[in-house]
$ cat start11.pdb   # PDB, C-alpha atoms and all ligand atoms
ATOM      1  CA  MET A1047      33.749  -7.469  10.755
ATOM      2  CA  LEU A1048      31.166  -6.069   8.366
ATOM      3  CA  ALA A1049      28.338  -7.639  10.342
ATOM      4  CA  ALA A1050      29.648  -6.041  13.533
ATOM      5  CA  PHE A1051      29.858  -2.660  11.814
ATOM      6  CA  VAL A1052      26.296  -2.959  10.479
ATOM      7  CA  SER A1053      25.083  -4.005  13.902
ATOM      8  CA  VAL A1054      26.657  -0.937  15.526
ATOM      9  CA  LEU A1055      25.312   1.301  12.788
ATOM     10  CA  PHE A1056      21.712   0.238  13.316
ATOM     11  CA  LYS A1057      21.696   0.146  17.069
ATOM     12  CA  PRO A1058      20.519   3.788  17.177
ATOM     13  CA  ILE A1059      17.547   2.932  14.926
ATOM     14  CA  ARG A1060      16.429   0.087  17.142
ATOM     15  CA  ALA A1061      17.084   2.159  20.271
ATOM     16  CA  GLY A1062      15.000   5.020  18.896
ATOM     17  CA  ILE A1063      12.145   2.691  18.095
ATOM     18  CA  ALA A1064      12.373   1.129  21.552
ATOM     19  CA  VAL A1065      12.090   4.580  23.137
ATOM     20  CA  PHE A1066       9.146   5.421  20.883
ATOM     21  CA  MET A1067       7.415   2.163  21.784
ATOM     22  CA  ALA A1068       7.949   2.825  25.485
ATOM     23  CA  LEU A1069       6.514   6.325  25.141
ATOM     24  CA  ALA A1070       3.618   4.948  23.111
ATOM     25  CA  ALA A1071       2.866   2.449  25.861
ATOM     26  CA  VAL A1072       2.874   5.204  28.510
ATOM     27  CA  PHE A1073       1.093   7.949  26.573
ATOM     28  CA  GLY A1074      -0.864   5.835  24.130
ATOM     29  CA  GLY A1075      -4.151   6.401  25.873
ATOM     30  CA  ILE A1076      -3.704  10.150  25.619
ATOM     31  CA  PHE A1077      -2.700  10.195  21.939
ATOM     32  CA  GLY A1078      -5.090   7.474  20.751
ATOM     33  CA  PHE A1079      -2.529   4.683  20.363
ATOM     34  CA  GLU A1080      -3.148   1.093  21.342
ATOM     35  CA  LYS A1081      -0.090  -1.135  21.573
ATOM     36  CA  ALA A1082      -1.128  -4.680  20.673
ATOM     37  CA  GLU A1083      -0.191  -7.459  18.295
ATOM     38  CA  ILE A1084      -2.067  -7.921  15.033
ATOM     39  CA  SER A1085      -5.254  -9.880  15.657
ATOM     40  CA  HIS A1086      -8.789  -9.673  14.320
ATOM     41  CA  LYS A1087     -10.871  -6.887  15.796
ATOM     42  CA  ASN A1088     -14.058  -8.967  15.815
ATOM     43  CA  ASP A1089     -15.111 -12.593  15.572
ATOM     44  CA  GLY A1090     -16.048 -13.919  12.148
ATOM     45  CA  CYS A1091     -13.271 -12.328  10.093
ATOM     46  CA  LEU A1092     -13.377 -13.883   6.604
ATOM     47  CA  ALA A1093     -10.087 -12.468   5.295
ATOM     48  CA  SER A1094      -7.459 -10.026   6.457
ATOM     49  CA  PHE A1095      -4.449  -8.402   4.861
ATOM     50  CA  ALA A1096      -1.886  -5.698   5.468
ATOM     51  CA  VAL A1097      -1.309  -2.983   2.880
ATOM     52  CA  ILE A1098       1.665  -0.657   2.918
ATOM     53  CA  SER A1099       3.011   1.593   0.174
ATOM     54  CA  ASP A1100       6.020   3.623  -0.923
ATOM     55  CA  THR A1101       8.746   1.712   0.868
ATOM     56  CA  HIS A1102      11.298   3.440  -1.430
ATOM     57  CA  LEU A1103      14.160   1.074  -0.743
ATOM     58  CA  THR A1104      17.592   2.437  -1.625
ATOM     59  CA  ASP A1105      21.082   0.976  -1.320
ATOM     60  CA  ALA A1106      21.067   2.144   2.305
ATOM     61  CA  ASN A1107      20.576  -0.770   4.674
ATOM     62  CA  GLY A1108      18.723   1.552   7.059
ATOM     63  CA  ARG A1109      15.659   1.665   4.827
ATOM     64  CA  ARG A1110      15.599  -2.111   4.541
ATOM     65  CA  GLU A1111      15.880  -2.287   8.311
ATOM     66  CA  VAL A1112      12.819  -0.049   8.694
ATOM     67  CA  LEU A1113      10.877  -2.304   6.318
ATOM     68  CA  GLU A1114      12.045  -5.442   8.101
ATOM     69  CA  ILE A1115      10.817  -4.196  11.470
ATOM     70  CA  GLY A1116       7.340  -3.852   9.966
ATOM     71  CA  LEU A1117       7.536  -7.277   8.309
ATOM     72  CA  GLU A1118       8.484  -8.761  11.659
ATOM     73  CA  ASP A1119       5.396  -7.188  13.231
ATOM     74  CA  MET A1120       3.238  -8.773  10.518
ATOM     75  CA  SER A1121       4.950 -12.146  10.835
ATOM     76  CA  LYS A1122       4.112 -12.219  14.550
ATOM     77  CA  ALA A1123       0.389 -11.659  13.992
ATOM     78  CA  LYS A1124      -1.775 -13.642  16.374
ATOM     79  CA  ASP A1125      -4.273 -14.075  13.546
ATOM     80  CA  ARG A1126      -2.168 -14.800  10.473
ATOM     81  CA  LEU A1127      -2.624 -12.354   7.611
ATOM     82  CA  ASN A1128      -3.963 -13.783   4.371
ATOM     83  CA  ALA A1129      -1.935 -11.305   2.334
ATOM     84  CA  LEU A1130       0.577  -8.489   2.403
ATOM     85  CA  VAL A1131       0.256  -5.877  -0.323
ATOM     86  CA  VAL A1132       3.059  -3.421  -1.120
ATOM     87  CA  CYS A1133       1.267  -0.824  -3.230
ATOM     88  CA  GLY A1134       4.079   0.532  -5.376
ATOM     89  CA  ASP A1135       7.267   2.563  -5.193
ATOM     90  CA  ILE A1136       8.758  -0.510  -3.587
ATOM     91  CA  THR A1137      12.157   0.781  -4.703
ATOM     92  CA  ASP A1138      13.433   4.337  -4.887
ATOM     93  CA  HIS A1139      14.760   4.137  -8.445
ATOM     94  CA  GLY A1140      14.130   0.592  -9.692
ATOM     95  CA  LYS A1141      17.811  -0.335  -9.402
ATOM     96  CA  ILE A1142      18.762  -3.997  -9.193
ATOM     97  CA  THR A1143      20.451  -3.405  -5.836
ATOM     98  CA  GLU A1144      17.189  -1.937  -4.522
ATOM     99  CA  TRP A1145      15.142  -4.887  -5.785
ATOM    100  CA  GLU A1146      17.712  -7.194  -4.172
ATOM    101  CA  SER A1147      17.251  -5.329  -0.893
ATOM    102  CA  PHE A1148      13.485  -5.870  -1.050
ATOM    103  CA  ALA A1149      13.847  -9.548  -1.904
ATOM    104  CA  LEU A1150      16.277 -10.003   0.983
ATOM    105  CA  ALA A1151      13.878  -8.372   3.448
ATOM    106  CA  MET A1152      10.962 -10.489   2.200
ATOM    107  CA  SER A1153      13.008 -13.665   2.423
ATOM    108  CA  ARG A1154      13.567 -13.128   6.129
ATOM    109  CA  TYR A1155       9.929 -13.011   7.248
ATOM    110  CA  ASP A1156       6.895 -15.186   6.675
ATOM    111  CA  THR A1157       4.249 -12.459   6.771
ATOM    112  CA  SER A1158       1.348 -14.038   4.920
ATOM    113  CA  GLU A1159       0.306 -16.761   2.530
ATOM    114  CA  ASN A1160       0.080 -14.316  -0.402
ATOM    115  CA  ASP A1161       2.504 -11.427  -0.813
ATOM    116  CA  ILE A1162       1.357  -9.026  -3.527
ATOM    117  CA  MET A1163       3.590  -6.482  -5.293
ATOM    118  CA  VAL A1164       2.249  -3.478  -7.193
ATOM    119  CA  ILE A1165       4.485  -1.484  -9.541
ATOM    120  CA  GLY A1166       4.955   2.227  -8.794
ATOM    121  CA  ASN A1167       6.381   5.024 -10.905
ATOM    122  CA  HIS A1168       9.736   4.926  -9.081
ATOM    123  CA  ASP A1169       9.991   1.192  -9.837
ATOM    124  CA  THR A1170      10.069   1.998 -13.554
ATOM    125  CA  TRP A1171      13.120   4.235 -13.380
ATOM    126  CA  GLY A1172      15.850   1.564 -13.331
ATOM    127  CA  SER A1173      16.467   1.683 -17.074
ATOM    128  CA  ASP A1174      15.565   3.777 -20.126
ATOM    129  CA  ASP A1175      14.434   0.520 -21.691
ATOM    130  CA  LEU A1176      10.863  -0.207 -20.577
ATOM    131  CA  SER A1177      11.215  -3.900 -21.354
ATOM    132  CA  VAL A1178      14.051  -4.073 -18.794
ATOM    133  CA  THR A1179      12.054  -2.396 -15.997
ATOM    134  CA  LYS A1180       9.137  -4.728 -16.730
ATOM    135  CA  GLU A1181      11.402  -7.790 -16.644
ATOM    136  CA  ASN A1182      12.891  -6.614 -13.331
ATOM    137  CA  PHE A1183       9.411  -6.359 -11.823
ATOM    138  CA  ILE A1184       8.551  -9.842 -13.088
ATOM    139  CA  GLU A1185      11.833 -11.351 -11.911
ATOM    140  CA  TYR A1186      11.743  -9.840  -8.427
ATOM    141  CA  ASN A1187       8.084 -10.708  -8.038
ATOM    142  CA  LYS A1188       9.122 -14.315  -8.393
ATOM    143  CA  LEU A1189      12.127 -13.921  -6.120
ATOM    144  CA  ALA A1190      10.369 -11.939  -3.365
ATOM    145  CA  THR A1191       6.918 -13.533  -3.395
ATOM    146  CA  GLY A1192       7.178 -16.725  -5.455
ATOM    147  CA  ARG A1193       4.553 -15.403  -7.880
ATOM    148  CA  GLU A1194       4.999 -16.077 -11.589
ATOM    149  CA  ILE A1195       3.554 -13.290 -13.736
ATOM    150  CA  ASN A1196       4.154 -12.103 -17.268
ATOM    151  CA  GLY A1197       3.347  -8.403 -16.979
ATOM    152  CA  VAL A1198       2.751  -5.509 -14.615
ATOM    153  CA  TYR A1199      -0.939  -6.333 -14.146
ATOM    154  CA  TYR A1200      -2.392  -9.576 -12.866
ATOM    155  CA  SER A1201      -5.082 -10.950 -10.596
ATOM    156  CA  THR A1202      -5.046 -13.059  -7.474
ATOM    157  CA  GLN A1203      -7.282 -13.578  -4.457
ATOM    158  CA  ILE A1204      -7.139 -12.907  -0.741
ATOM    159  CA  ASN A1205      -8.735 -15.851   1.018
ATOM    160  CA  GLY A1206     -11.462 -15.973  -1.615
ATOM    161  CA  CYS A1207     -11.855 -12.233  -2.184
ATOM    162  CA  PRO A1208     -10.860 -11.119  -5.691
ATOM    163  CA  ALA A1209      -7.708  -8.974  -5.808
ATOM    164  CA  ILE A1210      -6.888  -7.206  -9.079
ATOM    165  CA  VAL A1211      -3.490  -5.575  -9.507
ATOM    166  CA  LEU A1212      -3.121  -2.812 -12.104
ATOM    167  CA  GLY A1213       0.159  -1.212 -13.136
ATOM    168  CA  SER A1214       1.642   1.475 -15.313
ATOM    169  CA  GLU A1215       3.176   0.314 -18.578
ATOM    170  CA  GLY A1216       5.201   3.527 -18.931
ATOM    171  CA  ASP A1217       7.805   5.338 -16.863
ATOM    172  CA  HIS A1218       6.135   8.642 -16.091
ATOM    173  CA  THR A1219       4.929   9.901 -12.720
ATOM    174  CA  TYR A1220       1.381   9.406 -14.003
ATOM    175  CA  ALA A1221       0.326   5.962 -15.200
ATOM    176  CA  THR A1222       0.342   4.672 -18.748
ATOM    177  CA  VAL A1223      -2.460   2.146 -19.214
ATOM    178  CA  SER A1224      -2.925   0.336 -22.520
ATOM    179  CA  ASP A1225      -6.300  -0.445 -24.079
ATOM    180  CA  ALA A1226      -5.417  -4.108 -23.556
ATOM    181  CA  GLN A1227      -5.044  -3.560 -19.812
ATOM    182  CA  ILE A1228      -8.353  -1.650 -19.641
ATOM    183  CA  GLU A1229     -10.139  -4.468 -21.482
ATOM    184  CA  TRP A1230      -8.513  -7.055 -19.241
ATOM    185  CA  PHE A1231      -9.568  -5.043 -16.170
ATOM    186  CA  ALA A1232     -13.194  -4.909 -17.363
ATOM    187  CA  GLN A1233     -13.205  -8.685 -17.843
ATOM    188  CA  GLN A1234     -11.611  -9.296 -14.450
ATOM    189  CA  MET A1235     -14.155  -7.072 -12.697
ATOM    190  CA  GLN A1236     -17.024  -8.895 -14.397
ATOM    191  CA  ALA A1237     -15.654 -12.254 -13.242
ATOM    192  CA  ALA A1238     -14.896 -10.933  -9.750
ATOM    193  CA  SER A1239     -18.440  -9.664  -9.315
ATOM    194  CA  GLN A1240     -19.726 -13.216  -9.741
ATOM    195  CA  THR A1241     -18.085 -14.241  -6.469
ATOM    196  CA  GLY A1242     -20.358 -12.002  -4.400
ATOM    197  CA  LYS A1243     -17.315 -11.001  -2.357
ATOM    198  CA  PRO A1244     -15.844  -7.528  -1.941
ATOM    199  CA  ILE A1245     -13.427  -6.749  -4.768
ATOM    200  CA  PHE A1246     -10.015  -5.213  -4.050
ATOM    201  CA  VAL A1247      -8.273  -3.255  -6.800
ATOM    202  CA  PHE A1248      -4.681  -2.136  -6.270
ATOM    203  CA  PHE A1249      -2.992   0.562  -8.349
ATOM    204  CA  HIS A1250      -0.135   2.798  -7.216
ATOM    205  CA  GLN A1251      -1.636   5.998  -8.582
ATOM    206  CA  PRO A1252      -4.954   7.283  -7.152
ATOM    207  CA  ILE A1253      -8.000   8.067  -9.268
ATOM    208  CA  ASN A1254      -7.578  11.607 -10.604
ATOM    209  CA  ASP A1255      -8.761  14.466  -8.388
ATOM    210  CA  THR A1256      -9.421  12.359  -5.305
ATOM    211  CA  HIS A1257      -7.801  12.543  -1.855
ATOM    212  CA  GLY A1258      -7.423  16.297  -2.240
ATOM    213  CA  LEU A1259      -5.648  16.018  -5.613
ATOM    214  CA  PRO A1260      -4.430  17.874  -7.563
ATOM    215  CA  TYR A1261      -3.731  20.265  -4.682
ATOM    216  CA  THR A1262      -2.246  17.615  -2.364
ATOM    217  CA  TRP A1263       0.364  16.623  -4.964
ATOM    218  CA  GLU A1264       2.428  19.829  -5.112
ATOM    219  CA  MET A1265       0.397  21.908  -2.653
ATOM    220  CA  ASN A1266       0.049  24.274  -5.563
ATOM    221  CA  LYS A1267      -3.326  25.651  -6.547
ATOM    222  CA  GLU A1268      -2.058  26.108 -10.126
ATOM    223  CA  ASP A1269      -1.730  22.352 -10.718
ATOM    224  CA  GLU A1270      -3.810  21.009 -13.593
ATOM    225  CA  PRO A1271      -6.713  18.661 -12.800
ATOM    226  CA  GLY A1272      -5.416  15.083 -12.908
ATOM    227  CA  THR A1273      -1.992  15.948 -11.489
ATOM    228  CA  GLY A1274      -0.813  13.308  -9.038
ATOM    229  CA  GLY A1275      -3.375  10.756 -10.225
ATOM    230  CA  ILE A1276      -3.549   7.932 -12.787
ATOM    231  CA  GLY A1277      -3.708  10.343 -15.698
ATOM    232  CA  ASP A1278      -5.544   9.763 -18.994
ATOM    233  CA  ALA A1279      -6.931   6.333 -18.104
ATOM    234  CA  SER A1280      -8.463   7.466 -14.814
ATOM    235  CA  ASP A1281     -12.005   8.081 -16.067
ATOM    236  CA  ARG A1282     -12.188   4.753 -17.901
ATOM    237  CA  ILE A1283     -10.992   2.838 -14.848
ATOM    238  CA  LEU A1284     -13.451   4.623 -12.590
ATOM    239  CA  GLU A1285     -16.323   3.950 -15.006
ATOM    240  CA  ILE A1286     -15.603   0.217 -14.809
ATOM    241  CA  ILE A1287     -15.424   0.329 -11.005
ATOM    242  CA  LYS A1288     -18.760   2.141 -10.822
ATOM    243  CA  GLN A1289     -20.521  -0.741 -12.572
ATOM    244  CA  TYR A1290     -20.117  -2.980  -9.530
ATOM    245  CA  LYS A1291     -20.732  -2.887  -5.804
ATOM    246  CA  ASN A1292     -18.419  -3.381  -2.838
ATOM    247  CA  VAL A1293     -15.312  -2.326  -4.750
ATOM    248  CA  PHE A1294     -12.274  -1.056  -2.856
ATOM    249  CA  TYR A1295      -9.691   0.842  -4.908
ATOM    250  CA  ILE A1296      -6.452   1.034  -2.936
ATOM    251  CA  SER A1297      -3.569   3.300  -3.974
ATOM    252  CA  GLY A1298      -0.400   4.945  -2.622
ATOM    253  CA  HIS A1299       1.775   7.577  -4.358
ATOM    254  CA  ILE A1300       0.698  10.774  -2.552
ATOM    255  CA  HIS A1301       3.030  10.349   0.449
ATOM    256  CA  ALA A1302       0.592  11.712   2.974
ATOM    257  CA  GLY A1303      -0.205  10.204   6.372
ATOM    258  CA  PHE A1304      -3.471   8.992   7.880
ATOM    259  CA  SER A1305      -6.060  11.742   7.710
ATOM    260  CA  LYS A1306      -9.784  12.194   7.996
ATOM    261  CA  GLY A1307      -9.714  15.664   6.502
ATOM    262  CA  GLU A1308     -12.732  17.012   4.656
ATOM    263  CA  GLY A1309     -13.010  19.242   1.632
ATOM    264  CA  LYS A1310     -11.999  19.116  -2.010
ATOM    265  CA  THR A1311      -8.423  20.335  -1.500
ATOM    266  CA  VAL A1312      -7.853  18.535   1.786
ATOM    267  CA  TYR A1313      -6.245  15.120   2.034
ATOM    268  CA  SER A1314      -8.414  12.295   3.322
ATOM    269  CA  SER A1315      -7.169   8.699   3.371
ATOM    270  CA  VAL A1316     -10.549   7.085   2.750
ATOM    271  CA  GLU A1317     -13.322   8.350   0.483
ATOM    272  CA  LYS A1318     -16.628   6.488   0.527
ATOM    273  CA  TYR A1319     -18.973   6.586  -2.454
ATOM    274  CA  ASP A1320     -22.103   4.683  -3.381
ATOM    275  CA  GLY A1321     -20.840   1.142  -4.076
ATOM    276  CA  TYR A1322     -17.122   1.855  -4.053
ATOM    277  CA  THR A1323     -14.488   3.152  -1.674
ATOM    278  CA  LEU A1324     -11.175   4.841  -2.488
ATOM    279  CA  VAL A1325      -8.359   4.227  -0.021
ATOM    280  CA  ASN A1326      -5.010   5.995  -0.180
ATOM    281  CA  THR A1327      -2.343   4.142   1.769
ATOM    282  CA  PRO A1328       0.053   6.395   3.700
ATOM    283  CA  SER A1329       3.706   6.398   2.751
ATOM    284  CA  TYR A1330       5.559   3.737   4.733
ATOM    285  CA  MET A1331       9.069   5.159   4.367
ATOM    286  CA  TYR A1332       8.533   8.876   4.581
ATOM    287  CA  SER A1333       5.449  11.021   4.409
ATOM    288  CA  ASP A1334       5.330  14.677   3.507
ATOM    289  CA  PHE A1335       3.670  16.472   6.394
ATOM    290  CA  LEU A1336       2.661  19.338   4.101
ATOM    291  CA  ARG A1337       0.316  16.972   2.270
ATOM    292  CA  GLY A1338      -1.639  16.243   5.391
ATOM    293  CA  GLY A1339      -2.216  13.706   8.080
ATOM    294  CA  ASN A1340      -0.221  11.766  10.600
ATOM    295  CA  PHE A1341       3.339  11.668   9.295
ATOM    296  CA  LEU A1342       4.948   8.849  11.256
ATOM    297  CA  ASN A1343       6.987   6.330   9.241
ATOM    298  CA  GLY A1344       5.936   2.697   9.148
ATOM    299  CA  THR A1345       2.196   3.151   8.747
ATOM    300  CA  GLY A1346      -0.363   1.251   6.712
ATOM    301  CA  TYR A1347      -3.661  -0.557   7.071
ATOM    302  CA  VAL A1348      -4.728  -3.953   8.265
ATOM    303  CA  VAL A1349      -7.901  -4.661   6.300
ATOM    304  CA  GLU A1350     -10.448  -7.080   7.738
ATOM    305  CA  VAL A1351     -13.338  -8.505   5.716
ATOM    306  CA  TYR A1352     -16.527  -9.556   7.504
ATOM    307  CA  GLU A1353     -19.891 -10.776   6.248
ATOM    308  CA  ASN A1354     -21.423  -7.300   6.266
ATOM    309  CA  GLU A1355     -18.527  -4.877   6.464
ATOM    310  CA  VAL A1356     -14.880  -4.201   5.705
ATOM    311  CA  ILE A1357     -12.768  -2.511   8.359
ATOM    312  CA  PHE A1358      -9.623  -0.522   7.585
ATOM    313  CA  ARG A1359      -7.503  -0.469  10.737
ATOM    314  CA  ALA A1360      -4.718   2.103  10.894
ATOM    315  CA  ARG A1361      -1.499   0.629  12.208
ATOM    316  CA  ASN A1362       2.083   1.684  12.754
ATOM    317  CA  PHE A1363       3.919  -1.542  11.925
ATOM    318  CA  ILE A1364       7.331  -0.418  13.159
ATOM    319  CA  SER A1365       6.090   0.391  16.638
ATOM    320  CA  GLY A1366       3.360  -2.251  16.833
ATOM    321  CA  ILE A1367       0.532   0.143  17.640
ATOM    322  CA  TRP A1368      -2.985   0.618  16.360
ATOM    323  CA  GLN A1369      -4.101   4.163  15.626
ATOM    324  CA  PRO A1370      -7.874   3.647  15.907
ATOM    325  CA  ARG A1371      -8.749   7.294  15.432
ATOM    326  CA  TYR A1372      -8.014   6.758  11.723
ATOM    327  CA  ASP A1373      -9.970   3.494  11.362
ATOM    328  CA  GLU A1374     -12.762   3.326   8.799
ATOM    329  CA  THR A1375     -15.628   0.871   8.494
ATOM    330  CA  VAL A1376     -17.452   0.375   5.196
ATOM    331  CA  GLU A1377     -20.799  -1.394   5.222
ATOM    332  CA  LEU A1378     -21.224  -3.920   2.401
ATOM    333  CA  LYS A1379     -24.261  -3.754   0.131
TER     334      LYS A1379
HETATM  335 FE    FE B1401       6.422   7.218  -3.641
END

$ encode --input "start11.pdb" --output "structure tokens" --more "lines below"
Ligand SMILES: [Fe+2]
Amino acid sequence: MLAAFVSVLFKPIRAGIAVFMALAAVFGGIFGFEKAEISHKNDGCLASFAVISDTHLTDANGRREVLEIGLEDMSKAKDRLNALVVCGDITDHGKITEWESFALAMSRYDTSENDIMVIGNHDTWGSDDLSVTKENFIEYNKLATGREINGVYYSTQINGCPAIVLGSEGDHTYATVSDAQIEWFAQQMQAASQTGKPIFVFFHQPINDTHGLPYTWEMNKEDEPGTGGIGDASDRILEIIKQYKNVFYISGHIHAGFSKGEGKTVYSSVEKYDGYTLVNTPSYMYSDFLRGGNFLNGTGYVVEVYENEVIFRARNFISGIWQPRYDETVELK
């Protein structure tokens, strides 16, 4: 009975997506869409992964359904993804029921060989007791991805490329980063640089005053510098990143959509600097069109690593389309 009710309830969602996909197929050429399964853009791809952010799962099954449609797209990739990264704000308020919803969705699809969870500020709001929110993140990491960790920061690899996951140890909108985590990060970066591979760093909050911040956070010119970013630890993290080459710092948090805007107060998804690149992942569940960019739900990047370059390919995972106008290629040094 319940299953039948749920099925009826979500028919409109699937119908809406079907209509969108049909329209995308017809008008895709005009709007810059390309409907195609996930497969490598070029020969010689050394590693590939999907990154999405801000899935904000609630108790509502509809949000899980939207996530599952994207996971299904990834699971059907012609060239299997080496990893899936969910870059924070996985849940809307860190509630157990929301973590359960995420774990259920992840259990239904085999998207990659290495699913990577990053903690976001919303994920820390399930309890006033920080030790409880941390334990929830650890427990549901194991349940949803099989990974055993003992804190909110850890390292892994994506088909040989170092992947370093940072996380806030507090429960504020900005990030709280201990001296111990900073020291650990410096050591991890040193070790990662020895591989000669591009290094991927994931943290929910962006580096301060990048991607149009602070203006793009509240769209308020009165916002203090640093608003909407990591916070106090931002400069120290950036200084460590700057010591190495071919570093990709990937964040979420802003809730914008794909954009190639230019200017200090204008949102841009990808910012290239000498030796490092800052990438802000669009919000998967809902983007704020005021903050800039393409505001369709279900978006993220497929990242492809080649011998001499890394390509960020913009994709709408719930409609199975590429949005190549927002692609970015970074030459490796
Ligand atoms: Fe968010």

$ residues_around --input "start11.pdb" --residues "Glu1114 in chain A" --least-positions-apart "4" --cutoff "8 Å" --atoms "only C-alpha atoms" --output "list in words"
Arg1110, Glu1118, Ala1151, Met1152 and Tyr1155 of chain A

$ write_last_selection --input "start11.pdb" --atoms "C-alpha atoms" --output "mmCIF file, in the coordinates of the input"
data_model
loop_
_atom_site.group_PDB
_atom_site.id
_atom_site.type_symbol
_atom_site.label_atom_id
_atom_site.label_comp_id
_atom_site.auth_asym_id
_atom_site.auth_seq_id
_atom_site.Cartn_x
_atom_site.Cartn_y
_atom_site.Cartn_z
ATOM 1 C CA ARG A 1110 15.599 -2.111 4.541
ATOM 2 C CA GLU A 1118 8.484 -8.761 11.659
ATOM 3 C CA ALA A 1151 13.878 -8.372 3.448
ATOM 4 C CA MET A 1152 10.962 -10.489 2.200
ATOM 5 C CA TYR A 1155 9.929 -13.011 7.248
#

$ resolve_selection --input "start11.pdb" --expression "the PyMOL selection byres (((not hetatm)) within 6 of (chain B and resi 1401))" --output "compact mmCIF listing (two decimals) with C-alpha atoms, keeping the file's coordinate frame"
# COMPACT_ATOMS: atom_id res chain seq x y z
CA ASP A 1100 6.02 3.62 -0.92
CA ASP A 1135 7.27 2.56 -5.19
CA HIS A 1299 1.78 7.58 -4.36

$ atom_distance --input "start11.pdb" --atom1 "CA of Met1120 in chain A" --atom2 "CA of Leu1103 in chain A"
18.5 Å

$ closest_residue --input "start11.pdb" --among "A:Ser1158, A:Gln1233, A:Ser1177, A:Asn1354" --to "Val1131 in chain A" --atoms "all atoms listed in the file"
A:Ser1158

$ atom_distance --input "start11.pdb" --atom1 "CA of Tyr1332 in chain A" --atom2 "CA of Val1316 in chain A"
19.3 Å

$ atom_distance --input "start11.pdb" --atom1 "CA of Ser1333 in chain A" --atom2 "CA of Val1356 in chain A"
25.4 Å
